[in-house]
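Pasted below: data27.csv, CSV, C-alpha atoms.
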chain,number,residue,atom,x,y,z
A,407,MET,CA,-18.0,47.2,-6.5
A,408,SER,CA,-14.6,48.1,-8.1
A,409,GLU,CA,-14.0,47.5,-11.8
A,410,ASP,CA,-11.5,44.7,-11.0
A,411,THR,CA,-14.1,42.9,-8.7
A,412,GLU,CA,-16.8,43.3,-11.3
A,413,ARG,CA,-14.6,42.0,-14.1
A,414,HIS,CA,-13.7,39.0,-11.9
A,415,ALA,CA,-17.4,38.3,-11.1
A,416,MET,CA,-18.3,38.4,-14.8
A,417,LYS,CA,-15.5,36.0,-15.6
A,418,MET,CA,-16.5,33.6,-12.9
A,419,ALA,CA,-20.2,33.8,-14.0
A,420,LYS,CA,-19.1,32.8,-17.6
A,421,LYS,CA,-17.0,30.0,-16.2
A,422,LYS,CA,-19.9,28.7,-14.1
A,423,ALA,CA,-22.3,28.8,-17.0
A,424,ALA,CA,-19.8,26.8,-19.2
A,425,ARG,CA,-19.2,24.3,-16.3
A,426,ASP,CA,-23.0,23.9,-15.7
A,427,LYS,CA,-23.5,23.2,-19.4
A,428,ILE,CA,-20.8,20.5,-19.3
A,429,MET,CA,-22.2,19.0,-16.1
A,430,ALA,CA,-25.7,18.7,-17.5
A,431,THR,CA,-24.3,16.2,-20.1
A,432,LYS,CA,-22.8,14.0,-17.4
A,433,THR,CA,-25.7,11.8,-16.4
A,434,ASP,CA,-24.3,8.3,-16.5
A,435,LYS,CA,-23.5,6.3,-13.3
A,436,LYS,CA,-21.3,3.2,-13.4
A,437,GLY,CA,-19.0,1.1,-11.2
A,438,LEU,CA,-15.5,2.4,-12.0
A,439,ILE,CA,-12.2,0.5,-12.6
A,440,VAL,CA,-9.7,2.8,-10.9
A,441,VAL,CA,-5.9,2.3,-11.1
A,442,HIS,CA,-3.3,3.9,-8.9
A,443,THR,CA,0.2,3.3,-10.2
A,444,GLY,CA,3.6,4.9,-10.6
A,445,LYS,CA,6.8,5.1,-8.6
A,446,GLY,CA,5.6,7.8,-6.2
A,447,LYS,CA,4.2,7.4,-2.7
A,448,GLY,CA,0.5,7.6,-2.2
A,449,LYS,CA,-1.1,4.8,-4.3
A,450,SER,CA,-2.5,2.8,-1.4
A,451,THR,CA,-3.0,5.9,0.7
A,452,ALA,CA,-5.3,7.4,-2.0
A,453,ALA,CA,-7.1,4.1,-2.4
A,454,PHE,CA,-7.7,3.8,1.4
A,455,GLY,CA,-9.1,7.3,1.3
A,456,MET,CA,-11.7,6.1,-1.1
A,457,ILE,CA,-12.5,3.1,1.2
A,458,PHE,CA,-12.9,5.4,4.2
A,459,ARG,CA,-15.1,7.7,2.1
A,460,HIS,CA,-17.3,4.6,1.4
A,461,ILE,CA,-17.4,3.8,5.1
A,462,ALA,CA,-18.4,7.3,5.9
A,463,HIS,CA,-21.3,7.0,3.6
A,464,GLY,CA,-22.4,3.7,5.1
A,465,MET,CA,-21.6,1.8,2.0
A,466,GLN,CA,-20.3,-1.8,2.1
A,467,SER,CA,-16.7,-2.3,0.9
A,468,ALA,CA,-13.8,-4.8,1.0
A,469,VAL,CA,-10.0,-4.8,0.9
A,470,VAL,CA,-7.7,-7.5,-0.3
A,471,GLN,CA,-4.0,-7.0,0.2
A,472,PHE,CA,-1.9,-9.0,-2.2
A,473,ILE,CA,1.7,-8.4,-1.0
A,474,LYS,CA,1.8,-6.8,2.4
A,475,GLY,CA,2.1,-9.3,5.2
A,476,GLY,CA,0.8,-9.2,8.7
A,477,MET,CA,2.5,-6.0,9.7
A,478,SER,CA,0.3,-3.6,11.6
A,479,THR,CA,-0.8,-0.5,9.6
A,480,GLY,CA,-3.1,2.3,10.7
A,481,GLU,CA,-5.7,1.7,8.0
A,482,ARG,CA,-5.9,-2.1,8.6
A,483,ASP,CA,-6.0,-1.7,12.4
A,484,MET,CA,-8.7,1.0,12.2
A,485,ILE,CA,-10.9,-1.0,9.8
A,486,LEU,CA,-10.6,-4.3,11.8
A,487,GLU,CA,-11.2,-2.6,15.2
A,488,ARG,CA,-14.0,-0.1,14.2
A,489,PHE,CA,-15.5,-0.9,10.8
A,490,SER,CA,-15.3,-4.6,10.2
A,491,ASP,CA,-19.1,-4.7,10.0
A,492,ILE,CA,-19.0,-2.5,6.9
A,493,CYS,CA,-15.6,-3.3,5.4
A,494,SER,CA,-14.1,-6.8,5.3
A,495,PHE,CA,-10.3,-6.8,5.3
A,496,HIS,CA,-8.2,-9.7,3.9
A,497,THR,CA,-4.4,-9.6,4.2
A,498,MET,CA,-3.5,-12.5,1.9
A,499,GLY,CA,0.2,-11.9,1.2
A,500,GLU,CA,3.2,-12.8,3.5
A,501,GLY,CA,5.3,-9.7,2.8
A,502,PHE,CA,7.2,-8.3,-0.1
A,503,THR,CA,8.7,-10.8,-2.6
A,504,TRP,CA,12.3,-10.0,-1.7
A,505,GLU,CA,11.5,-10.9,1.9
A,506,THR,CA,9.8,-14.3,1.3
A,507,GLN,CA,12.2,-15.4,-1.5
A,508,ASP,CA,9.8,-18.3,-2.3
A,509,LYS,CA,8.1,-17.9,-5.7
A,510,THR,CA,6.0,-21.0,-5.4
A,511,ARG,CA,4.6,-19.8,-2.0
A,512,ASP,CA,4.1,-16.3,-3.3
A,513,THR,CA,2.3,-17.5,-6.3
A,514,GLU,CA,0.0,-19.7,-4.2
A,515,MET,CA,-0.8,-16.8,-1.9
A,516,ALA,CA,-1.4,-14.4,-4.8
A,517,GLN,CA,-3.7,-16.9,-6.5
A,518,ALA,CA,-5.7,-17.3,-3.2
A,519,ALA,CA,-5.9,-13.5,-2.9
A,520,TRP,CA,-7.2,-13.3,-6.5
A,521,GLU,CA,-9.9,-15.9,-5.8
A,522,LYS,CA,-11.0,-14.0,-2.7
A,523,ALA,CA,-11.0,-10.8,-4.7
A,524,LYS,CA,-13.3,-12.3,-7.3
A,525,GLU,CA,-15.6,-13.6,-4.6
A,526,LEU,CA,-15.8,-10.1,-3.0
A,527,ILE,CA,-16.3,-8.3,-6.4
A,528,ARG,CA,-19.1,-10.7,-7.4
A,529,ASP,CA,-20.9,-10.1,-4.0
A,530,PRO,CA,-23.6,-7.4,-4.8
A,531,ALA,CA,-23.3,-6.2,-1.1
A,532,ASN,CA,-19.9,-4.7,-1.9
A,533,SER,CA,-20.0,-1.4,-3.8
A,534,MET,CA,-16.2,-1.0,-3.7
A,535,VAL,CA,-13.4,-3.5,-3.6
A,536,LEU,CA,-9.8,-2.5,-3.2
A,537,LEU,CA,-7.1,-4.8,-4.6
A,538,ASP,CA,-4.0,-3.4,-2.8
A,539,GLU,CA,-0.7,-4.1,-4.6
A,540,ILE,CA,-2.3,-6.4,-7.2
A,541,ASN,CA,-0.1,-4.8,-9.8
A,542,ILE,CA,3.0,-6.2,-8.1
A,543,ALA,CA,1.5,-9.7,-8.1
A,544,ILE,CA,0.7,-9.3,-11.8
A,545,ARG,CA,4.2,-7.9,-12.6
A,546,TYR,CA,5.8,-11.0,-11.1
A,547,ASP,CA,3.3,-13.3,-13.0
A,548,TYR,CA,1.8,-14.6,-9.8
A,549,VAL,CA,-1.6,-13.5,-11.2
A,550,ASP,CA,-2.3,-13.6,-15.0
A,551,ILE,CA,-3.1,-10.1,-16.4
A,552,ASN,CA,-5.4,-11.7,-18.9
A,553,ASP,CA,-7.5,-13.3,-16.2
A,554,VAL,CA,-7.8,-10.0,-14.4
A,555,VAL,CA,-8.8,-8.1,-17.5
A,556,GLU,CA,-11.3,-10.7,-18.6
A,557,PHE,CA,-12.9,-10.9,-15.2
A,558,LEU,CA,-13.2,-7.2,-14.8
A,559,VAL,CA,-14.7,-6.8,-18.3
A,560,GLU,CA,-17.0,-9.8,-18.2
A,561,GLU,CA,-18.0,-10.4,-14.6
A,562,LYS,CA,-17.6,-7.2,-12.5
A,563,PRO,CA,-21.1,-6.1,-11.5
A,564,GLU,CA,-22.1,-2.9,-13.3
A,565,MET,CA,-22.3,-0.7,-10.3
A,566,THR,CA,-19.3,-2.1,-8.3
A,567,HIS,CA,-16.1,0.0,-8.1
A,568,VAL,CA,-12.8,-1.8,-8.2
A,569,VAL,CA,-9.6,0.0,-7.2
A,570,LEU,CA,-6.2,-1.6,-8.1
A,571,THR,CA,-2.9,-0.3,-6.8
A,572,GLY,CA,0.8,-0.9,-7.2
A,573,ARG,CA,3.5,0.4,-9.5
A,574,ASN,CA,4.0,-0.8,-13.1
A,575,ALA,CA,0.4,-1.3,-14.0
A,576,LYS,CA,0.1,-3.3,-17.2
A,577,ASP,CA,-1.0,-1.6,-20.4
A,578,GLU,CA,-3.9,-4.0,-20.7
A,579,LEU,CA,-5.2,-2.9,-17.3
A,580,ILE,CA,-4.8,0.8,-18.1
A,581,GLU,CA,-6.7,0.2,-21.3
A,582,ILE,CA,-9.9,-1.0,-19.6
A,583,ALA,CA,-9.7,1.3,-16.6
A,584,ASP,CA,-12.0,4.3,-16.3
A,585,LEU,CA,-9.6,6.3,-14.1
A,586,VAL,CA,-5.8,6.0,-14.0
A,587,THR,CA,-3.5,8.1,-11.8
A,588,GLU,CA,0.2,7.8,-12.0
A,589,MET,CA,2.0,8.9,-8.8
A,590,GLU,CA,5.3,10.6,-9.9
A,591,LEU,CA,8.3,10.4,-7.5
A,592,ILE,CA,10.0,13.8,-7.2
A,593,LYS,CA,11.6,13.4,-3.8
A,594,HIS,CA,11.4,10.8,-1.0
A,595,PRO,CA,12.9,10.9,2.5
A,596,PHE,CA,14.1,7.2,2.2
A,597,ARG,CA,16.8,8.5,-0.2
A,598,SER,CA,18.1,10.7,2.6
A,599,GLY,CA,18.3,7.8,5.1
A,600,VAL,CA,14.9,8.3,6.7
A,601,LYS,CA,13.0,5.1,7.3
A,602,ALA,CA,9.3,4.5,7.0
A,603,GLN,CA,7.5,6.2,9.8
A,604,ILE,CA,4.3,5.4,11.7
A,605,GLY,CA,1.4,7.6,10.8
A,606,VAL,CA,3.0,8.5,7.4
A,607,GLU,CA,3.9,5.2,5.6
A,608,TYR,CA,1.9,2.8,7.8
Taking this structure as input, can you express it in the form of structure tokens?
Amino acid sequence: MSEDTERHAMKMAKKKAARDKIMATKTDKKGLIVVHTGKGKGKSTAAFGMIFRHIAHGMQSAVVQFIKGGMSTGERDMILERFSDICSFHTMGEGFTWETQDKTRDTEMAQAAWEKAKELIRDPANSMVLLDEINIAIRYDYVDINDVVEFLVEEKPEMTHVVLTGRNAKDELIEIADLVTEMELIKHPFRSGVKAQIGVEY
């Protein structure tokens, strides 16, 4: 073994020992409140990755889409066609707010989605519930941030994971969350005239 290889092995052994010591203190388990926000792409994509991970482990989950309408997406189609027995899927919105242009209707739909979300979160069979684009509904005051925070703090079952997506997450939500990721936009093909593409955006 060369001196460089031996030095590297010793360094990694020290790192492993330190890591093992830290990991030994991490014994708690709990249902997490997870927030994916920011202007960058990937918020819903990352959240659906968690849903598919749940499905792969045979764990019951559910999805509520607050804004996106009936447009076909890869995730939605796959879940409905192949995994509806283990993941219930509810598309409650009618499209982005600039498309519907009807605040009263949008508010009614968002409120209905929030009621469905609470029902699914309360159901002990679901160990994860994804609230896709709820931050948009909160931003436009279709859903009251105080209601969301109070429900998650007071009523969410201890071992249920709830994932909330959408840009402009409110500070009150970030405060109670266990895990918050902000997707940063550095470059996007849309700015170069490239439209959303199948298999990438939907």
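A straight line drawn from atom CA of A:Glu556 to atom CA of A:Ile580 is 13.2 Å long.
For the pair atom CA of A:Asp410 and atom CA of A:Ala424, the separation is 21.4 Å.
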- Of the candidates A:Ala453, A:Ile544, A:Val554, A:Ile604, which shows the shortest atom-to-atom distance to A:Thr513, using all atoms listed in the file?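 Among the listed residues, the smallest separation from A:Thr513 belongs to A:Ile544.
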Shortest contact to A:Ile457, candidates A:Ile527, A:Val569, A:Leu558, A:Met416, atoms counted all atoms listed in the file, goes to A:Val569
Expressed in Å to a single decimal, how great is the separation between atom CA of A:Phe557 and atom CA of A:His496?
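Atom CA of A:His496 lies 19.7 Å from atom CA of A:Phe557.
Those residues positioned at most 7 Å from (-13.4, -9.2, 1.3) are Ala468, Val469, Val470, Ser494, Phe495, His496, Lys522, Ala523 and Leu526 of chain A, judged using only C-alpha atoms.
With all atoms listed in the file as the atoms that count, the residue of A:Ile592, A:Met498, A:Leu585, A:Val559 with the shortest distance to A:Ala543 is A:Met498.
With all atoms listed in the file as the atoms that count, the minimum distance from A:Thr566 to the choices A:Ser450, A:Ser533, A:Thr510, A:Ser490 is reached by A:Ser533.
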From the list A:Ile582, A:Val535, A:Ala462, A:Ile551, the nearest residue to A:Pro563 using only C-alpha atoms is A:Val535
Show which residues sit within 8 Å of A:Ile439, as number ranges by chain. Count only C-alpha atoms, and ignore same-chain residues fewer than 2 positions away. A: 437, 441, 567-570, 582-585
Margin query: Which residue is closest to A:Ile461? Choose from A:Leu591, A:Ala419, A:Ala518, A:Ile485 and count only C-alpha atoms.
Written below: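 When distances to A:Ile461 are compared using only C-alpha atoms, the smallest one comes from A:Ile485.
Residues having any atom no farther than 8 Å from (-1.7, 9.6, -7.3) (counting all atoms listed in the file) are His442, Thr443, Gly444, Gly446, Lys447, Gly448, Lys449, Ala452, Thr587, Glu588, Met589 and Glu590 of chain A.
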Requested in this report: Quick one: everything within 9 Å of A:Gln517, counting only C-alpha atoms, minus sequence neighbours fewer than 5 positions away in the same chain. Send it as an MDAnalysis selection string.
Outcome: chainID A and resid 512 522 548:549
Any chance you can output those residues with C-alpha atoms as a compact mmCIF listing (two decimals), keeping the file's coordinate frame?
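File written: part35.txt
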# COMPACT_ATOMS: atom_id res chain seq x y z
CA ASP A 512 4.10 -16.30 -3.30
CA LYS A 522 -11.00 -14.00 -2.70
CA TYR A 548 1.80 -14.60 -9.80
CA VAL A 549 -1.60 -13.50 -11.20
Check: What's the 9 Å shell around A:Gly605, counting all atoms listed in the file, without same-chain residues fewer than 2 positions away, as a PyMOL selection string?
Finding: chain A and resi 479-480+603+607-608
